[in-house]
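Undergrad: Submitted below is the structure of interest, expressed as structure tokens.
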Amino acid sequence: AGRPIAKFKKDYINDVLGVPTALENLTNSILQESYLGGFLKKHMGDRPGLQISTMEGNFAAITKLGLGNASSAVINATQILNTQAILNPIWAARGVKKLTLGGKIGGRTIESILHKLDVKHDLGLESGNGITGINSFSRAAKASLIMFSRVEYFNRASAGLGAYAKAFEGKAVNAKGVKVKGGDIPAAEIYAREVIERSQFNYSIANAPNIFRRASGSIWLSSALRFKKFPAFQAEFILTMKGAEHAKFWFPTLALSGYYGIPGSIQLDKMLEPLFGYSVINKFDKFMIEWAGKDPLKVAFRKQTMYGVLGNVGPGIDISQRTGIPEFGFPRRLSDIFGSTANSLYDGIKFASQSRWADSMRALFPGPGNFIKAMQTDEML
């Protein structure tokens with residue numbers, strides 16, 4: 001029994017220290033023995049697998065989350081639902097108010113509290129085997145991710161301030177079930193960090209599930225696992241909620257996402273499709289569209305039910321299948337195992353060959369592509 005534990009500890013320490021994994025060593029060997037081995041050795045050193053997977057991660061982050069992709073920023077903002085489920089809406093709102101309007105909590109300025117919580121330097125963007133740390137990005141890359149990163153900062157800072165205020169006023173109970181003593185600054189800071197990590201997650205390599213750490217340097221597996229940390233952590237959050245947290249989380253979540261936000265809804269639909277011979281969700285979608293017709297009130301109800309409240313804002317923003325974990329992070333199609341970048345390139349080329357230029361743009365660059373598509377049709381952003 002001791003050997004597996006000892007091996008896990010050794011692997012964990014090596015992963016945190018950045019020691020190449022067996023998968024990375026295999027990847028490096030294949031690349032170095034290939035026709036491009038000399039070129040890769042000269043320009044990427046002894047770890048070309050890690051260099052290439054990092055470059056792919058940068059590309060995926062910029063193209064999927066940046067370039068004016070409003071949907072990614074809006075989806076990221078929904079993590080404030082986690083915060084209010086833990087703190088309750090009043091304290092979550094208190095955190096937002098303090099962040100936006102400033103002021104003091106217990107005689108301390110907002111800036112000093114956030115500095116102590118290290119929120120500005122710990123934006124929580126996936127690192128290692130998820131999204132490359134934003135600090136390693138070029139200036140242009142950072143600029144393209146400005147919407148996403150500012151929302152990430154807003155989520156973490158408001159969660160930290162709301163939690164700190166609740167603990168400082170003696171209204172909080174920590175992870176061990178012990179009430180935090182009011183006026184205790186160190187205890188309030190510890191509680192605030194607990195809430196930030198539980199609601200907004202810690203994406204560092206030290207906190208990554210084993211499969212993500214072991215994938216380091218493997219170009220294919222790193223790409224296949226891209227953006228999968230969030231559903232893993234969100235599932236953990238949902239499974240560890242207690243008592244009233246369930247109601248405070250599920251009511252606004254389903255209001256935002258419509259019926260697609262029900263966890264596992266897409267996976268369940270795929271499992272039942274062979275049994276019924278058709279997709280239950282697609283069948284219901286078709287029924288709702290036919291029932292609503294062009295009646296304004298019915299159309300508004302249909303969009304709310306299918307896409308959530310944002311479906312009726314402007315041209316409509318469809319975050320229904322990206323809020324929560326309707327798929328538990330599993331692939332939608334077999335080709336998804338090759339990762340987001342490979343699939344995007346394949347779809348972009350395929351649509352371009354069919355002269356579907358807007359679809360091609362959306363596959364490669366969702367930000368500008370969504371706006372182009374929305375201008376051409378009535379589709380959601």
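Just remember, in the structure tokens the first chain shown is A, the second B, etc., residues are 1-based per chain, and ligands are 1-based in the order shown.
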Fewer than 4 positions away in the same chain doesn't count, so skip those; otherwise give me all residues within 7 Å of segment 82-95 of chain A, counting only C-alpha atoms, as number ranges by chain.
TA: A: 99, 158-159, 161-163, 166, 199, 245, 248-249
Undergrad: When DSSP is applied to the backbone of this structure, which of segment 158-248 of chain A are assigned helix (DSSP H, G or I)? Write them out as a compact mmCIF listing (two decimals) with N, CA and C atoms, in the first residue's frame.
TA:
# COMPACT_ATOMS: atom_id res chain seq x y z
N SER A 158 -13.76 40.68 -5.82
CA SER A 158 -15.06 40.87 -5.15
C SER A 158 -15.33 39.72 -4.18
N ALA A 159 -14.94 38.50 -4.55
CA ALA A 159 -15.11 37.36 -3.64
C ALA A 159 -14.27 37.54 -2.39
N GLY A 160 -13.02 37.99 -2.58
CA GLY A 160 -12.13 38.19 -1.44
C GLY A 160 -12.62 39.29 -0.51
N LEU A 161 -13.09 40.39 -1.08
CA LEU A 161 -13.57 41.51 -0.25
C LEU A 161 -14.86 41.15 0.49
N GLY A 162 -15.78 40.47 -0.20
CA GLY A 162 -17.03 40.06 0.45
C GLY A 162 -16.76 39.10 1.59
N ALA A 163 -15.85 38.15 1.37
CA ALA A 163 -15.50 37.17 2.40
C ALA A 163 -14.78 37.84 3.57
N TYR A 164 -13.86 38.75 3.24
CA TYR A 164 -13.12 39.45 4.30
C TYR A 164 -14.07 40.25 5.19
N ALA A 165 -15.01 40.99 4.55
CA ALA A 165 -15.96 41.79 5.31
C ALA A 165 -16.83 40.90 6.20
N LYS A 166 -17.29 39.78 5.66
CA LYS A 166 -18.14 38.88 6.44
C LYS A 166 -17.39 38.31 7.63
N ALA A 167 -16.13 37.92 7.42
CA ALA A 167 -15.33 37.36 8.50
C ALA A 167 -14.98 38.42 9.54
N PHE A 168 -14.63 39.62 9.08
CA PHE A 168 -14.22 40.69 9.99
C PHE A 168 -15.37 41.09 10.91
N ILE A 185 -8.00 40.13 12.02
CA ILE A 185 -7.54 40.38 10.65
C ILE A 185 -6.89 39.15 10.00
N PRO A 186 -5.93 38.48 10.66
CA PRO A 186 -5.34 37.28 10.03
C PRO A 186 -6.38 36.20 9.72
N ALA A 187 -7.33 36.00 10.64
CA ALA A 187 -8.38 34.99 10.42
C ALA A 187 -9.29 35.39 9.26
N ALA A 188 -9.57 36.70 9.15
CA ALA A 188 -10.40 37.19 8.05
C ALA A 188 -9.70 37.00 6.71
N GLU A 189 -8.38 37.21 6.69
CA GLU A 189 -7.61 37.02 5.46
C GLU A 189 -7.58 35.55 5.05
N ILE A 190 -7.42 34.67 6.03
CA ILE A 190 -7.41 33.23 5.74
C ILE A 190 -8.75 32.80 5.18
N TYR A 191 -9.84 33.29 5.77
CA TYR A 191 -11.18 32.95 5.29
C TYR A 191 -11.39 33.47 3.87
N ALA A 192 -10.92 34.70 3.61
CA ALA A 192 -11.08 35.29 2.28
C ALA A 192 -10.35 34.45 1.23
N ARG A 193 -9.15 33.99 1.56
CA ARG A 193 -8.40 33.14 0.62
C ARG A 193 -9.12 31.81 0.40
N GLU A 194 -9.72 31.26 1.46
CA GLU A 194 -10.48 30.02 1.32
C GLU A 194 -11.63 30.20 0.34
N VAL A 195 -12.36 31.30 0.47
CA VAL A 195 -13.51 31.55 -0.40
C VAL A 195 -13.07 31.78 -1.84
N ILE A 196 -11.98 32.53 -2.03
CA ILE A 196 -11.47 32.76 -3.39
C ILE A 196 -11.11 31.44 -4.05
N GLU A 197 -10.38 30.60 -3.32
CA GLU A 197 -9.95 29.33 -3.91
C GLU A 197 -11.12 28.39 -4.14
N ARG A 198 -12.07 28.36 -3.23
CA ARG A 198 -13.21 27.46 -3.40
C ARG A 198 -14.14 27.92 -4.51
N SER A 199 -14.35 29.22 -4.64
CA SER A 199 -15.32 29.73 -5.62
C SER A 199 -14.71 30.00 -6.99
N GLN A 200 -13.43 30.44 -7.02
CA GLN A 200 -12.79 30.83 -8.29
C GLN A 200 -11.70 29.85 -8.71
N ILE A 205 -0.22 24.44 -11.07
CA ILE A 205 0.21 23.06 -11.27
C ILE A 205 0.18 22.29 -9.96
N ALA A 206 0.40 22.99 -8.84
CA ALA A 206 0.40 22.33 -7.53
C ALA A 206 -0.98 21.81 -7.14
N ASN A 207 -2.02 22.43 -7.70
CA ASN A 207 -3.38 22.02 -7.35
C ASN A 207 -4.07 21.25 -8.48
N ASN A 210 -4.11 14.88 -11.12
CA ASN A 210 -2.95 14.13 -11.57
C ASN A 210 -2.84 14.04 -13.09
N ILE A 211 -3.95 13.82 -13.78
CA ILE A 211 -3.91 13.65 -15.24
C ILE A 211 -3.41 14.91 -15.93
N PHE A 212 -3.72 16.09 -15.38
CA PHE A 212 -3.25 17.34 -15.99
C PHE A 212 -1.75 17.51 -15.76
N ARG A 213 -1.28 17.16 -14.58
CA ARG A 213 0.15 17.29 -14.30
C ARG A 213 0.96 16.30 -15.13
N ARG A 214 0.44 15.08 -15.29
CA ARG A 214 1.15 14.03 -16.02
C ARG A 214 1.19 14.31 -17.52
N ILE A 219 2.30 16.94 -26.38
CA ILE A 219 1.57 17.90 -27.21
C ILE A 219 0.11 17.51 -27.37
N TRP A 220 -0.12 16.25 -27.71
CA TRP A 220 -1.50 15.81 -27.95
C TRP A 220 -2.33 15.86 -26.67
N LEU A 221 -1.84 15.25 -25.57
CA LEU A 221 -2.65 15.17 -24.36
C LEU A 221 -2.86 16.54 -23.73
N SER A 222 -1.82 17.39 -23.77
CA SER A 222 -1.98 18.75 -23.25
C SER A 222 -3.08 19.49 -24.00
N SER A 223 -3.09 19.34 -25.32
CA SER A 223 -4.11 20.00 -26.14
C SER A 223 -5.50 19.41 -25.88
N ALA A 224 -5.55 18.08 -25.76
CA ALA A 224 -6.84 17.42 -25.52
C ALA A 224 -7.46 17.84 -24.20
N LYS A 229 -9.82 21.87 -17.01
CA LYS A 229 -9.70 22.02 -15.56
C LYS A 229 -10.95 22.64 -14.97
N PHE A 230 -11.50 23.64 -15.67
CA PHE A 230 -12.67 24.32 -15.12
C PHE A 230 -13.83 23.35 -14.84
N PRO A 231 -14.27 22.54 -15.80
CA PRO A 231 -15.38 21.62 -15.47
C PRO A 231 -15.04 20.65 -14.35
N ALA A 232 -13.75 20.27 -14.23
CA ALA A 232 -13.35 19.38 -13.14
C ALA A 232 -13.51 20.07 -11.80
N PHE A 233 -13.05 21.31 -11.72
CA PHE A 233 -13.16 22.06 -10.46
C PHE A 233 -14.60 22.46 -10.17
N GLN A 234 -15.35 22.80 -11.23
CA GLN A 234 -16.75 23.19 -11.02
C GLN A 234 -17.56 21.99 -10.53
N ALA A 235 -17.27 20.81 -11.06
CA ALA A 235 -17.97 19.60 -10.59
C ALA A 235 -17.65 19.35 -9.13
N GLU A 236 -16.39 19.57 -8.75
CA GLU A 236 -15.99 19.40 -7.34
C GLU A 236 -16.74 20.40 -6.47
N PHE A 237 -16.87 21.63 -6.94
CA PHE A 237 -17.59 22.66 -6.17
C PHE A 237 -19.05 22.25 -5.96
N ILE A 238 -19.69 21.81 -7.03
CA ILE A 238 -21.10 21.41 -6.94
C ILE A 238 -21.28 20.24 -5.99
N LEU A 239 -20.38 19.27 -6.05
CA LEU A 239 -20.50 18.08 -5.20
C LEU A 239 -20.21 18.36 -3.74
N GLU A 245 -26.60 26.39 0.21
CA GLU A 245 -25.76 26.73 -0.94
C GLU A 245 -26.36 26.19 -2.23
N HIS A 246 -27.04 25.05 -2.16
CA HIS A 246 -27.64 24.47 -3.36
C HIS A 246 -28.67 25.40 -3.99
N ALA A 247 -29.60 25.89 -3.18
CA ALA A 247 -30.65 26.78 -3.71
C ALA A 247 -30.05 28.08 -4.23
N LYS A 248 -29.08 28.63 -3.49
CA LYS A 248 -28.46 29.90 -3.89
C LYS A 248 -27.66 29.75 -5.18
Undergrad: Which residue out of A:Gly182, A:Ala208, A:Ser344, A:Phe148 has the minimum interatomic distance to Phe59 of chain A when only C-alpha atoms are used?
TA: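 With only C-alpha atoms as the atom set, the closest residue is A:Ser344.
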Undergrad: Interatomic distance between atom CA of Ala61 of chain A and atom CA of Leu40 of chain A?
TA: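 Rounded to one decimal, the two atoms are 23.4 Å apart.
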Undergrad: How close does segment 155-241 of chain A get to segment 24-38 of chain A? List, as JSON lines, each residue of segment 155-241 of chain A within 7 Å, its nearest atom pair and the distance in Å to one decimal, counting only C-alpha atoms.
TA:
{"residue": "A:Ser216", "atom": "CA", "partner": "A:Glu24", "partner_atom": "CA", "distance": 6.5}
{"residue": "A:Gly217", "atom": "CA", "partner": "A:Glu24", "partner_atom": "CA", "distance": 4.5}
{"residue": "A:Ser218", "atom": "CA", "partner": "A:Glu24", "partner_atom": "CA", "distance": 5.1}
Undergrad: Export C-alpha atoms of the chosen residues as a PDB file, in the first residue's frame?
TA:
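This went into selection_0.pdb:
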ATOM      1  CA  SER A 216       2.918  18.133 -19.261  1.00  0.00           C
ATOM      2  CA  GLY A 217       5.021  18.239 -22.412  1.00  0.00           C
ATOM      3  CA  SER A 218       2.809  15.800 -24.314  1.00  0.00           C
TER       4      SER A 218
END
Undergrad: Name the closest residue to Ala175 of chain A among the candidates A:Leu275, A:Leu256, A:Met241, A:Ile266; distances are taken between atoms, counting only C-alpha atoms.
TA: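 Of the candidates, the smallest distance to Ala175 of chain A is held by A:Met241.
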Undergrad: Calculated over only C-alpha atoms, which of the candidates A:His43, A:Lys171, A:Phe201, A:Ser149 has the smallest distance to Ala70 of chain A?
TA: A:Ser149
Undergrad: Return the single residue from A:Thr78, A:Arg150, A:Lys179, A:Val16 that is closest to Gly66 of chain A, with distances computed using only C-alpha atoms.
TA: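 Looking at the shortest contact to Gly66 of chain A, the residue is A:Arg150.
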Undergrad: Applying 12 Å and only C-alpha atoms, which residues near Lys64 of chain A remain after dropping the ones on its own chain fewer than 2 positions away? List them as a VMD selection string.
TA: chain A and resid 56 to 62 66 to 73 131 141 144 to 145 148 226 to 227 340 to 341 344 361 to 370
Undergrad: What are the DSSP strand (DSSP E or B) residues of segment 78-317 of chain A, as a PyMOL selection string?
TA: chain A and resi 104-105+108-109+173+179
Undergrad: Please report the interatomic distance between atom CA of Gly49 of chain A and atom CA of Tyr12 of chain A in Å with one decimal.
TA: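 Computing it gives 19.8 Å between the two atoms.
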